[in-house]
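Student: Pasting query-v5.txt here (compact mmCIF, C-alpha atoms and all ligand atoms):
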# COMPACT_ATOMS: atom_id res chain seq x y z
CA MET A 1 50.32 -71.34 15.70
CA ALA A 2 49.55 -74.92 14.88
CA GLN A 3 49.25 -78.40 16.17
CA ILE A 4 51.08 -81.15 14.31
CA VAL A 5 49.50 -84.60 13.94
CA LEU A 6 51.23 -87.71 12.62
CA ASN A 7 48.99 -90.65 11.81
CA ASP A 8 50.65 -94.03 11.12
CA VAL A 9 53.49 -92.34 9.24
CA ARG A 10 55.86 -94.65 7.34
CA LYS A 11 59.02 -94.25 5.30
CA MET A 12 60.52 -96.80 2.93
CA TYR A 13 64.04 -96.45 1.55
CA GLY A 14 63.89 -99.11 -1.15
CA ASN A 15 62.87 -102.28 0.70
CA VAL A 16 63.94 -100.95 4.09
CA GLU A 17 61.29 -99.48 6.34
CA ALA A 18 63.06 -96.66 8.22
CA ILE A 19 59.88 -95.33 9.92
CA LYS A 20 57.49 -98.09 10.90
CA GLY A 21 54.16 -96.46 11.62
CA VAL A 22 54.52 -93.45 13.91
CA SER A 23 51.44 -91.74 15.38
CA LEU A 24 51.86 -88.63 17.48
CA GLN A 25 49.95 -85.47 18.39
CA ILE A 26 51.91 -82.33 19.13
CA ALA A 27 49.86 -79.58 20.74
CA ASP A 28 49.92 -75.95 19.67
CA GLY A 29 52.85 -74.23 21.38
CA GLU A 30 54.37 -77.45 22.68
CA LEU A 31 58.08 -78.32 22.55
CA VAL A 32 58.41 -82.01 21.72
CA VAL A 33 61.83 -83.65 21.57
CA LEU A 34 62.46 -86.72 19.41
CA VAL A 35 65.30 -88.62 21.02
CA GLY A 36 66.99 -91.91 20.21
CA PRO A 37 70.29 -93.43 19.13
CA SER A 38 71.91 -92.62 15.80
CA GLY A 39 70.07 -94.20 12.87
CA CYS A 40 66.73 -94.65 14.69
CA GLY A 41 64.93 -92.37 12.20
CA LYS A 42 64.77 -88.97 13.94
CA SER A 43 65.97 -86.91 10.97
CA THR A 44 63.84 -88.89 8.53
CA LEU A 45 60.73 -88.18 10.57
CA LEU A 46 61.56 -84.49 10.96
CA ARG A 47 62.34 -84.15 7.25
CA MET A 48 58.99 -85.74 6.43
CA ILE A 49 57.24 -83.12 8.58
CA ALA A 50 59.27 -80.42 6.79
CA GLY A 51 58.45 -81.83 3.36
CA LEU A 52 62.09 -82.52 2.49
CA GLU A 53 61.42 -86.27 2.36
CA SER A 54 58.42 -87.96 0.74
CA ILE A 55 55.93 -89.86 2.90
CA SER A 56 55.55 -93.59 2.05
CA GLY A 57 52.44 -94.12 4.17
CA GLY A 58 50.14 -92.42 6.65
CA GLU A 59 49.27 -88.77 7.05
CA ILE A 60 50.89 -85.62 8.42
CA SER A 61 48.91 -82.51 9.22
CA ILE A 62 50.09 -79.11 10.40
CA GLY A 63 47.44 -76.80 11.79
CA ASN A 64 44.50 -78.97 10.66
CA ARG A 65 45.80 -79.07 7.09
CA VAL A 66 47.03 -82.37 5.59
CA VAL A 67 50.46 -81.51 4.17
CA ASN A 68 51.46 -84.84 2.56
CA ASP A 69 51.46 -83.37 -0.94
CA LEU A 70 52.53 -79.82 -0.08
CA GLU A 71 55.97 -78.42 -0.95
CA PRO A 72 58.22 -77.42 2.00
CA SER A 73 57.60 -73.75 1.20
CA GLU A 74 53.84 -74.25 1.47
CA ARG A 75 53.97 -75.82 4.95
CA ASP A 76 54.66 -72.65 6.97
CA ILE A 77 57.48 -74.22 9.00
CA ALA A 78 61.08 -73.13 9.63
CA MET A 79 63.93 -75.56 10.13
CA VAL A 80 67.20 -75.14 12.05
CA PHE A 81 69.98 -77.60 11.23
CA GLN A 82 73.28 -78.59 12.78
CA ASN A 83 75.03 -77.10 9.74
CA TYR A 84 73.54 -73.67 9.75
CA ALA A 85 74.96 -72.65 6.34
CA LEU A 86 74.79 -68.87 6.56
CA TYR A 87 75.59 -66.96 3.36
CA PRO A 88 79.25 -65.99 3.93
CA HIS A 89 79.25 -62.91 1.69
CA MET A 90 76.18 -61.39 3.39
CA THR A 91 76.01 -59.55 6.69
CA VAL A 92 73.97 -60.96 9.54
CA ARG A 93 71.19 -58.50 8.70
CA GLN A 94 71.20 -59.59 5.04
CA ASN A 95 71.19 -63.24 6.09
CA LEU A 96 68.15 -62.62 8.27
CA ALA A 97 66.36 -60.60 5.58
CA TYR A 98 67.08 -62.95 2.68
CA GLY A 99 64.17 -65.37 3.04
CA LEU A 100 61.71 -62.56 3.73
CA LYS A 101 62.80 -60.55 0.67
CA ASN A 102 62.26 -63.65 -1.45
CA ARG A 103 58.70 -63.73 -0.18
CA ASN A 104 58.22 -60.05 -1.05
CA THR A 105 57.75 -59.04 2.58
CA PRO A 106 57.53 -55.19 2.83
CA LYS A 107 60.73 -53.49 4.02
CA ASP A 108 59.16 -52.05 7.19
CA GLU A 109 57.96 -55.48 8.17
CA ILE A 110 61.40 -57.05 7.49
CA ASP A 111 63.06 -54.39 9.68
CA ARG A 112 60.55 -54.92 12.46
CA ARG A 113 61.05 -58.70 12.49
CA ILE A 114 64.85 -58.48 12.33
CA GLU A 115 64.89 -56.01 15.19
CA GLN A 116 62.65 -58.24 17.28
CA ALA A 117 64.59 -61.45 16.56
CA ALA A 118 67.96 -59.76 17.08
CA LYS A 119 66.77 -58.50 20.44
CA ALA A 120 65.43 -61.88 21.54
CA LEU A 121 68.70 -63.56 20.52
CA GLU A 122 70.97 -60.75 21.75
CA ILE A 123 72.73 -60.38 18.40
CA GLU A 124 71.82 -56.72 17.81
CA GLN A 125 75.47 -55.63 17.93
CA PHE A 126 76.46 -58.15 15.23
CA LEU A 127 73.91 -57.22 12.56
CA GLU A 128 76.44 -55.53 10.25
CA ARG A 129 79.08 -58.27 10.61
CA LYS A 130 79.79 -61.13 8.23
CA PRO A 131 79.39 -64.70 9.53
CA ARG A 132 83.17 -65.29 9.62
CA GLN A 133 83.45 -62.47 12.16
CA LEU A 134 81.24 -64.39 14.59
CA SER A 135 81.90 -67.24 17.02
CA GLY A 136 80.23 -70.62 16.57
CA GLY A 137 77.59 -69.81 19.15
CA GLN A 138 76.81 -66.43 17.57
CA ARG A 139 76.45 -68.07 14.15
CA GLN A 140 74.09 -70.63 15.58
CA ARG A 141 72.05 -67.77 17.01
CA VAL A 142 71.87 -66.12 13.60
CA ALA A 143 70.68 -69.43 12.15
CA MET A 144 67.93 -69.43 14.75
CA GLY A 145 67.19 -65.82 13.96
CA ARG A 146 66.59 -66.76 10.36
CA ALA A 147 63.93 -69.20 11.52
CA ILE A 148 62.38 -66.70 13.96
CA VAL A 149 61.95 -63.87 11.44
CA ARG A 150 59.84 -66.17 9.30
CA GLU A 151 57.23 -66.24 12.12
CA PRO A 152 56.24 -69.74 11.05
CA ALA A 153 53.51 -71.98 12.43
CA ALA A 154 56.17 -74.39 13.72
CA TYR A 155 59.92 -74.77 14.21
CA LEU A 156 61.80 -77.95 13.39
CA PHE A 157 65.27 -78.40 14.91
CA ASP A 158 67.66 -81.16 13.83
CA GLU A 159 70.52 -81.45 16.35
CA PRO A 160 71.18 -77.69 16.11
CA LEU A 161 73.76 -77.67 18.92
CA SER A 162 75.88 -80.68 17.94
CA ASN A 163 78.69 -78.56 16.48
CA LEU A 164 79.11 -76.46 19.62
CA ASP A 165 81.43 -77.19 22.53
CA ALA A 166 79.95 -78.63 25.74
CA LYS A 167 79.72 -75.36 27.68
CA LEU A 168 78.10 -73.43 24.85
CA ARG A 169 75.71 -76.31 24.21
CA VAL A 170 74.37 -76.07 27.75
CA GLN A 171 74.06 -72.27 27.46
CA MET A 172 72.25 -72.44 24.11
CA ARG A 173 69.97 -75.18 25.41
CA VAL A 174 68.77 -72.86 28.14
CA GLU A 175 68.30 -70.05 25.60
CA ILE A 176 66.31 -72.18 23.19
CA LYS A 177 64.03 -73.24 26.01
CA ARG A 178 63.51 -69.63 27.12
CA LEU A 179 62.96 -68.47 23.57
CA GLN A 180 60.51 -71.25 22.76
CA ARG A 181 58.55 -70.42 25.93
CA SER A 182 58.31 -66.75 25.07
CA LEU A 183 57.43 -67.31 21.39
CA ALA A 184 55.06 -70.19 22.33
CA THR A 185 55.48 -71.65 18.84
CA THR A 186 55.01 -75.39 18.26
CA SER A 187 58.47 -76.97 18.04
CA VAL A 188 59.87 -80.38 17.22
CA TYR A 189 63.47 -80.81 18.32
CA VAL A 190 65.64 -83.79 17.37
CA THR A 191 68.66 -84.89 19.39
CA HIS A 192 70.53 -88.10 20.24
CA ASP A 193 71.58 -86.55 23.56
CA GLN A 194 69.27 -87.71 26.34
CA MET A 195 70.42 -84.95 28.70
CA GLU A 196 69.58 -82.26 26.14
CA ALA A 197 66.26 -83.99 25.53
CA MET A 198 65.39 -84.20 29.24
CA THR A 199 66.15 -80.55 29.95
CA LEU A 200 64.44 -79.08 26.88
CA ALA A 201 61.29 -81.08 26.37
CA ASP A 202 57.72 -80.47 27.41
CA ARG A 203 57.28 -84.02 26.16
CA LEU A 204 59.80 -86.59 25.00
CA VAL A 205 59.34 -89.14 22.25
CA VAL A 206 61.85 -91.99 22.46
CA LEU A 207 62.45 -93.58 19.05
CA ASN A 208 64.06 -96.97 18.52
CA ALA A 209 64.60 -98.47 15.07
CA GLY A 210 61.82 -96.45 13.44
CA ARG A 211 59.22 -97.01 16.16
CA ILE A 212 58.06 -95.01 19.17
CA GLU A 213 59.13 -96.72 22.42
CA GLN A 214 57.45 -94.23 24.74
CA VAL A 215 55.98 -90.74 24.86
CA GLY A 216 55.79 -88.72 28.07
CA THR A 217 57.15 -85.86 30.13
CA PRO A 218 60.83 -86.16 31.07
CA ILE A 219 59.93 -87.08 34.65
CA GLU A 220 57.40 -89.71 33.56
CA LEU A 221 59.99 -91.42 31.39
CA TYR A 222 62.60 -91.21 34.11
CA GLU A 223 60.36 -92.56 36.86
CA ARG A 224 58.37 -95.09 34.87
CA PRO A 225 60.24 -96.22 31.75
CA ALA A 226 57.90 -98.43 29.69
CA THR A 227 60.67 -100.66 28.34
CA THR A 228 64.23 -101.70 29.13
CA PHE A 229 65.28 -99.64 26.09
CA VAL A 230 63.87 -96.44 27.58
CA ALA A 231 65.13 -97.45 31.04
CA THR A 232 68.73 -97.59 29.84
CA PHE A 233 68.48 -94.69 27.35
CA ILE A 234 67.06 -92.09 29.74
CA GLY A 235 69.24 -91.30 32.77
CA SER A 236 73.00 -91.17 33.18
CA PRO A 237 74.74 -93.38 34.13
CA SER A 238 72.27 -95.93 32.74
CA MET A 239 69.88 -97.92 34.88
CA ASN A 240 71.38 -101.25 36.05
CA LEU A 241 69.56 -104.25 34.59
CA LEU A 242 69.93 -107.57 36.42
CA ALA A 243 68.59 -110.94 35.28
CA ILE A 244 65.88 -112.65 37.37
CA PRO A 245 66.14 -115.19 38.90
CA THR A 246 69.48 -114.39 40.46
CA SER A 247 72.25 -116.92 40.75
CA SER A 248 72.67 -117.84 44.40
CA GLY A 249 74.74 -115.52 46.53
CA ASN A 250 74.80 -112.86 43.82
CA TRP A 251 72.19 -110.46 45.11
CA SER A 252 68.96 -110.98 46.95
CA MET A 253 65.56 -109.54 47.47
CA THR A 254 63.90 -109.55 50.83
CA GLN A 255 60.24 -109.99 51.68
CA THR A 256 59.65 -106.26 51.27
CA ALA A 257 60.17 -106.63 47.51
CA ALA A 258 57.12 -108.01 45.73
CA VAL A 259 58.62 -109.59 42.63
CA PRO A 260 56.00 -110.04 39.88
CA ALA A 261 55.73 -113.62 38.55
CA ALA A 262 56.54 -112.61 34.95
CA ALA A 263 59.60 -110.53 35.90
CA ALA A 264 62.68 -111.39 33.85
CA THR A 265 64.72 -108.27 34.56
CA LEU A 266 65.23 -106.09 37.61
CA GLY A 267 66.15 -102.45 36.99
CA ILE A 268 67.73 -100.11 39.57
CA ARG A 269 69.12 -96.64 38.87
CA PRO A 270 72.66 -95.95 40.13
CA GLU A 271 71.27 -93.02 42.15
CA ASP A 272 68.75 -95.28 43.91
CA LEU A 273 71.43 -97.64 45.25
CA HIS A 274 73.23 -96.80 48.47
CA LEU A 275 75.77 -98.23 50.86
CA ILE A 276 73.86 -100.13 53.51
CA ALA A 277 76.26 -99.06 56.26
CA ASP A 278 75.41 -95.44 55.46
CA ALA A 279 71.63 -95.89 55.47
CA PRO A 280 70.55 -98.76 57.68
CA GLN A 281 66.91 -99.47 56.89
CA ALA A 282 64.67 -102.23 55.62
CA GLU A 283 66.17 -102.96 52.22
CA ALA A 284 64.21 -104.63 49.44
CA PHE A 285 67.32 -105.35 47.43
CA THR A 286 70.77 -106.14 48.76
CA ALA A 287 74.02 -107.13 47.10
CA SER A 288 77.65 -107.63 47.88
CA VAL A 289 79.82 -105.76 45.40
CA LYS A 290 83.52 -105.87 44.65
CA VAL A 291 84.68 -102.41 43.57
CA ALA A 292 86.34 -102.22 40.14
CA ALA A 293 86.62 -98.45 39.71
CA VAL A 294 85.53 -95.17 41.31
CA GLU A 295 84.78 -92.10 39.19
CA LEU A 296 84.65 -88.73 40.95
CA VAL A 297 82.50 -86.39 38.86
CA GLY A 298 82.36 -83.41 41.22
CA ALA A 299 79.55 -83.39 43.75
CA GLU A 300 79.25 -87.17 43.54
CA SER A 301 81.12 -90.34 42.67
CA TYR A 302 80.08 -93.33 40.63
CA VAL A 303 81.29 -96.68 41.85
CA HIS A 304 81.62 -99.42 39.23
CA GLY A 305 81.41 -102.83 40.87
CA ILE A 306 81.18 -106.52 40.10
CA LEU A 307 78.58 -108.88 41.57
CA ALA A 308 79.38 -112.47 42.55
CA ASP A 309 78.43 -113.82 39.12
CA GLY A 310 80.71 -111.32 37.37
CA SER A 311 77.94 -109.00 36.20
CA ALA A 312 78.54 -105.26 36.43
CA ILE A 313 76.65 -102.76 38.60
CA VAL A 314 77.06 -99.00 39.08
CA PHE A 315 75.97 -96.99 42.10
CA ARG A 316 76.26 -93.39 43.22
CA VAL A 317 77.73 -92.07 46.44
CA ALA A 318 77.54 -88.44 47.48
CA GLY A 319 80.72 -86.39 47.41
CA ARG A 320 84.21 -87.82 47.43
CA SER A 321 84.07 -91.54 48.01
CA ARG A 322 86.26 -93.27 50.59
CA ILE A 323 85.65 -96.50 48.73
CA GLU A 324 88.62 -97.87 46.83
CA MET A 325 89.29 -100.42 44.17
CA ASP A 326 89.02 -104.05 45.38
CA ASP A 327 86.95 -103.09 48.46
CA VAL A 328 83.91 -105.30 49.02
CA VAL A 329 80.85 -103.31 50.07
CA GLN A 330 77.18 -103.99 50.76
CA ILE A 331 74.61 -102.00 48.83
CA GLY A 332 70.84 -101.85 48.95
CA ALA A 333 67.76 -100.26 47.41
CA LYS A 334 64.20 -99.54 48.56
CA ALA A 335 61.19 -101.40 47.18
CA ALA A 336 59.83 -98.22 45.58
CA ASP A 337 63.01 -97.85 43.53
CA LEU A 338 62.87 -101.30 41.89
CA HIS A 339 61.69 -101.55 38.28
CA PHE A 340 60.55 -104.89 36.84
CA PHE A 341 60.41 -105.89 33.17
CA ASN A 342 59.14 -109.06 31.47
CA ALA A 343 61.08 -111.25 29.02
CA SER A 344 60.21 -108.98 26.09
CA GLY A 345 61.48 -105.93 27.96
CA ALA A 346 58.08 -104.37 28.79
CA ARG A 347 57.55 -102.76 32.19
CA ILE A 348 55.48 -104.65 34.78
CA ASP A 349 53.67 -102.58 37.42
N1 LIG B 1 68.36 -91.28 1.78
C1 LIG B 1 68.42 -92.47 2.42
N2 LIG B 1 68.48 -93.63 1.73
C2 LIG B 1 68.51 -94.81 2.36
N3 LIG B 1 68.50 -94.97 3.69
C3 LIG B 1 68.45 -93.87 4.42
C4 LIG B 1 68.41 -92.55 3.85
N4 LIG B 1 68.35 -91.64 4.84
C5 LIG B 1 68.37 -92.34 6.00
N5 LIG B 1 68.41 -93.67 5.75
C6 LIG B 1 68.40 -94.74 6.77
O1 LIG B 1 67.25 -94.58 7.57
C7 LIG B 1 67.55 -94.81 8.93
C8 LIG B 1 67.22 -93.59 9.77
O2 LIG B 1 68.11 -92.54 9.45
P1 LIG B 1 68.03 -91.11 10.13
O3 LIG B 1 66.64 -90.65 10.08
O4 LIG B 1 69.08 -90.26 9.50
O5 LIG B 1 68.43 -91.45 11.64
P2 LIG B 1 68.83 -90.47 12.85
O6 LIG B 1 68.56 -89.06 12.43
O7 LIG B 1 68.00 -90.92 13.99
O8 LIG B 1 70.29 -90.73 13.12
C9 LIG B 1 69.01 -95.22 8.99
O9 LIG B 1 69.10 -96.62 8.99
C10 LIG B 1 69.58 -94.63 7.73
O10 LIG B 1 70.67 -95.39 7.27
MG MG B 2 69.88 -87.38 12.27
In structure tokens, write the structure found in this file.

Tutor:
Amino acid sequence: MAQIVLNDVRKMYGNVEAIKGVSLQIADGELVVLVGPSGCGKSTLLRMIAGLESISGGEISIGNRVVNDLEPSERDIAMVFQNYALYPHMTVRQNLAYGLKNRNTPKDEIDRRIEQAAKALEIEQFLERKPRQLSGGQRQRVAMGRAIVREPAAYLFDEPLSNLDAKLRVQMRVEIKRLQRSLATTSVYVTHDQMEAMTLADRLVVLNAGRIEQVGTPIELYERPATTFVATFIGSPSMNLLAIPTSSGNWSMTQTAAVPAAAATLGIRPEDLHLIADAPQAEAFTASVKVAAVELVGAESYVHGILADGSAIVFRVAGRSRIEMDDVVQIGAKAADLHFFNASGARID
């Protein structure tokens, strides 16, 4: 059980600053997800917490103990990677026991922990098998089992599900969440997948080019993104961003929309736009859209359209759309669903 505190943490690779001063407090038992595009520094930050990467500046503490100069083995953490690297010649049981034997854990205790982990992960029936006799998902579970039996103060996950197919990824995501809840062990989970991040996290940390863009619960980031970066990164399809002021005849805002003086960008989520004919009401935003493509994704469709100035906009319609390519339709949004950002991309409230 431990909280993890990062204070102005930095990482230099030669002259390049990969992590540019990150401060973050992770509470005991919390599941925090670091999310951001490839190359933003997620793995570097996680590896610094683990002790696999040196710290160029700042301080990291785990459970009230500064760990900057401690070896990975002295930090009481367990890491789960994308490449789970089980020992192929050992059975599942031997794989789970290996790290504990190295630490001279008594046999009774090893058996107890393996039994408990195997039960939690539902791999009891595979304990005598070799890794090659398991599916990808089962192997990933064993890799997680290896972390669980350590009973560490914290778990660190680096994209552990990236090698699994889409269906299994969703299933494992639910299991990790359930498991983390029941173990109540502090966890830091890295992913580039915003959907995985949204569904797993107690709190999300959005990283961009080595800096924190925003920290908050998934719903806070979805409803009130602090920057245009977060606005377009969280949510799928991405939030539409339109330049203010509009070119004439492109789209318009009525009196119900209070546009802040400093606003340079208007943001509207595809799911907050609707056909005006379907929902006649006082609109804050209206636009005339020429339809370029319609994507049916099951329970809903996404319509990709073009505004009068040629800029693109996406909006959602429920169910199977009757809209077709080259149709011209009117869409609108309510005042409460408009997001405004200044010229540097910061949210204006
Ligand atoms: N060992 C290294 N030497 C030099 N640059 C590195 C090294 N590891 C990572 N980087 C750079 O640091 C940045 C962050 O990398 P990384 O933490 O792996 O990103 P992410 O995990 O978010 O994809 C990238 O620009 C990457 O090229
Ligand atoms: Mg990475």

Student: Select the residues contacting ligand MG 2 (chain B) at a distance of at most 10 Å, based on all atoms listed in the file, then format the selection as a PDB file with C-alpha atoms, keeping the file's coordinate frame.

Tutor:
ATOM      1  CA  VAL A  35      65.300 -88.620  21.020  1.00  0.00           C
ATOM      2  CA  GLY A  36      66.990 -91.910  20.210  1.00  0.00           C
ATOM      3  CA  PRO A  37      70.290 -93.430  19.130  1.00  0.00           C
ATOM      4  CA  SER A  38      71.910 -92.620  15.800  1.00  0.00           C
ATOM      5  CA  GLY A  39      70.070 -94.200  12.870  1.00  0.00           C
ATOM      6  CA  CYS A  40      66.730 -94.650  14.690  1.00  0.00           C
ATOM      7  CA  GLY A  41      64.930 -92.370  12.200  1.00  0.00           C
ATOM      8  CA  LYS A  42      64.770 -88.970  13.940  1.00  0.00           C
ATOM      9  CA  SER A  43      65.970 -86.910  10.970  1.00  0.00           C
ATOM     10  CA  THR A  44      63.840 -88.890   8.530  1.00  0.00           C
ATOM     11  CA  LEU A  45      60.730 -88.180  10.570  1.00  0.00           C
ATOM     12  CA  LEU A  46      61.560 -84.490  10.960  1.00  0.00           C
ATOM     13  CA  ARG A  47      62.340 -84.150   7.250  1.00  0.00           C
ATOM     14  CA  PHE A  81      69.980 -77.600  11.230  1.00  0.00           C
ATOM     15  CA  GLN A  82      73.280 -78.590  12.780  1.00  0.00           C
ATOM     16  CA  ASP A 158      67.660 -81.160  13.830  1.00  0.00           C
ATOM     17  CA  GLU A 159      70.520 -81.450  16.350  1.00  0.00           C
ATOM     18  CA  VAL A 190      65.640 -83.790  17.370  1.00  0.00           C
ATOM     19  CA  THR A 191      68.660 -84.890  19.390  1.00  0.00           C
ATOM     20  CA  HIS A 192      70.530 -88.100  20.240  1.00  0.00           C
TER      21      HIS A 192
END

Student: With a distance cut-off of 10 Å and only C-alpha atoms, select the neighbouring residues of Asn68 of chain A, excluding the residue or stretch itself and same-chain residues fewer than 3 positions from it, and output the selection as a short mmCIF file (atom, residue, chain, number, x, y, z; two decimals) with C-alpha atoms, in the frame of the given file.

Tutor:
data_model
loop_
_atom_site.label_atom_id
_atom_site.label_comp_id
_atom_site.auth_asym_id
_atom_site.auth_seq_id
_atom_site.Cartn_x
_atom_site.Cartn_y
_atom_site.Cartn_z
CA MET A 48 58.99 -85.74 6.43
CA ILE A 49 57.24 -83.12 8.58
CA ALA A 50 59.27 -80.42 6.79
CA GLY A 51 58.45 -81.83 3.36
CA SER A 54 58.42 -87.96 0.74
CA ILE A 55 55.93 -89.86 2.90
CA SER A 56 55.55 -93.59 2.05
CA GLY A 57 52.44 -94.12 4.17
CA GLY A 58 50.14 -92.42 6.65
CA GLU A 59 49.27 -88.77 7.05
CA ILE A 60 50.89 -85.62 8.42
CA SER A 61 48.91 -82.51 9.22
CA ILE A 62 50.09 -79.11 10.40
CA ARG A 65 45.80 -79.07 7.09
CA GLU A 71 55.97 -78.42 -0.95
CA ARG A 75 53.97 -75.82 4.95
#

Student: Write out as a PyMOL selection string the residues lying within 12 Å of segment 222-235 of chain A, counting all atoms listed in the file and excluding same-chain residues fewer than 5 positions away.

Tutor: chain A and resi 35-37+192-199+203-209+211-217+240-243+264-272+336-349

Student: So which residues touch Val174 of chain A within 12 Å, counting all atoms listed in the file, skipping near sequence neighbours fewer than 2 positions away, as a ChimeraX atom specification?

Tutor: /A:161,167-172,176-181,196-201

Student: Keeping C-alpha atoms for every residue in the selection just given, could you write it to a file as an mmCIF file, in the frame of the given file?

Tutor:
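again_4.cif, freshly written:
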data_model
loop_
_atom_site.group_PDB
_atom_site.id
_atom_site.type_symbol
_atom_site.label_atom_id
_atom_site.label_comp_id
_atom_site.auth_asym_id
_atom_site.auth_seq_id
_atom_site.Cartn_x
_atom_site.Cartn_y
_atom_site.Cartn_z
ATOM 1 C CA LEU A 161 73.760 -77.670 18.920
ATOM 2 C CA LYS A 167 79.720 -75.360 27.680
ATOM 3 C CA LEU A 168 78.100 -73.430 24.850
ATOM 4 C CA ARG A 169 75.710 -76.310 24.210
ATOM 5 C CA VAL A 170 74.370 -76.070 27.750
ATOM 6 C CA GLN A 171 74.060 -72.270 27.460
ATOM 7 C CA MET A 172 72.250 -72.440 24.110
ATOM 8 C CA ILE A 176 66.310 -72.180 23.190
ATOM 9 C CA LYS A 177 64.030 -73.240 26.010
ATOM 10 C CA ARG A 178 63.510 -69.630 27.120
ATOM 11 C CA LEU A 179 62.960 -68.470 23.570
ATOM 12 C CA GLN A 180 60.510 -71.250 22.760
ATOM 13 C CA ARG A 181 58.550 -70.420 25.930
ATOM 14 C CA GLU A 196 69.580 -82.260 26.140
ATOM 15 C CA ALA A 197 66.260 -83.990 25.530
ATOM 16 C CA MET A 198 65.390 -84.200 29.240
ATOM 17 C CA THR A 199 66.150 -80.550 29.950
ATOM 18 C CA LEU A 200 64.440 -79.080 26.880
ATOM 19 C CA ALA A 201 61.290 -81.080 26.370
#

Student: Using all atoms listed in the file, which of A:Val259, A:Leu183, A:Gly210, A:Asn163 sits nearest ligand LIG 1 (chain B)?

Tutor: A:Gly210

Student: Which is closer to ligand LIG 1 (chain B) than all the others in A:Thr105, A:Asn250, A:Asn15, A:Thr286, using all atoms listed in the file?

Tutor: A:Asn15

Student: Using all atoms listed in the file, pick whichever of A:Ala333, A:Ile323, A:Ala27, A:Ala293 has the shortest atom-to-atom distance to Ala153 of chain A.

Tutor: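 The closest residue to Ala153 of chain A is A:Ala27.
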
Student: Can you work out which one of A:Val188, A:Ile313, A:Ser288, A:Leu307 has the shortest atom-to-atom distance to Val328 of chain A, counting only C-alpha atoms?

Tutor: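 Looking only at the distances to Val328 of chain A, the closest residue turns out to be A:Ser288.
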
Student: Suppose you want the space between atom CA of Leu221 of chain A and atom CA of Arg316 of chain A; what is it in Å?

Tutor: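 Atom-to-atom, atom CA of Leu221 of chain A to atom CA of Arg316 of chain A, that is 20.2 Å.
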
Student: Nearest residue to Asp326 of chain A out of A:Leu86, A:Val291, A:Ile26, A:Ala154, using all atoms listed in the file?

Tutor: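 Of A:Leu86, A:Val291, A:Ile26, A:Ala154, the one nearest Asp326 of chain A, counting all atoms listed in the file, is A:Val291.
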
Student: Name the residues in contact with Ile148 of chain A at a cut-off of 8 Å, using only C-alpha atoms, excluding same-chain residues fewer than 4 positions from it; report them as a compact mmCIF listing (two decimals) with C-alpha atoms, in the frame of the given file.

Tutor:
# COMPACT_ATOMS: atom_id res chain seq x y z
CA ALA A 78 61.08 -73.13 9.63
CA ALA A 117 64.59 -61.45 16.56
CA MET A 144 67.93 -69.43 14.75
CA PRO A 152 56.24 -69.74 11.05

Student: Can you work out the spacing between atom CA of Gln25 of chain A and atom CA of Ser73 of chain A in Å, to one decimal?

Tutor: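 If I compute the distance from atom CA of Gln25 of chain A to atom CA of Ser73 of chain A, I get 22.2 Å.
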
Student: With all atoms of ligand LIG 1 (chain B) from the file as input, state the centre and edge lengths in Å to one decimal of the axis-aligned box that has 5 Å extra on each side, as JSON.

Tutor:
{"center_x": 68.7, "center_y": -92.8, "center_z": 7.9, "size_x": 14.0, "size_y": 17.6, "size_z": 22.3}

Student: Tell me, in Å to one decimal, how far atom C1 of ligand LIG 1 (chain B) is from atom CA of Arg10 of chain A.

Tutor: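 Computed distance, atom C1 of ligand LIG 1 (chain B) to atom CA of Arg10 of chain A, equals 13.7 Å.
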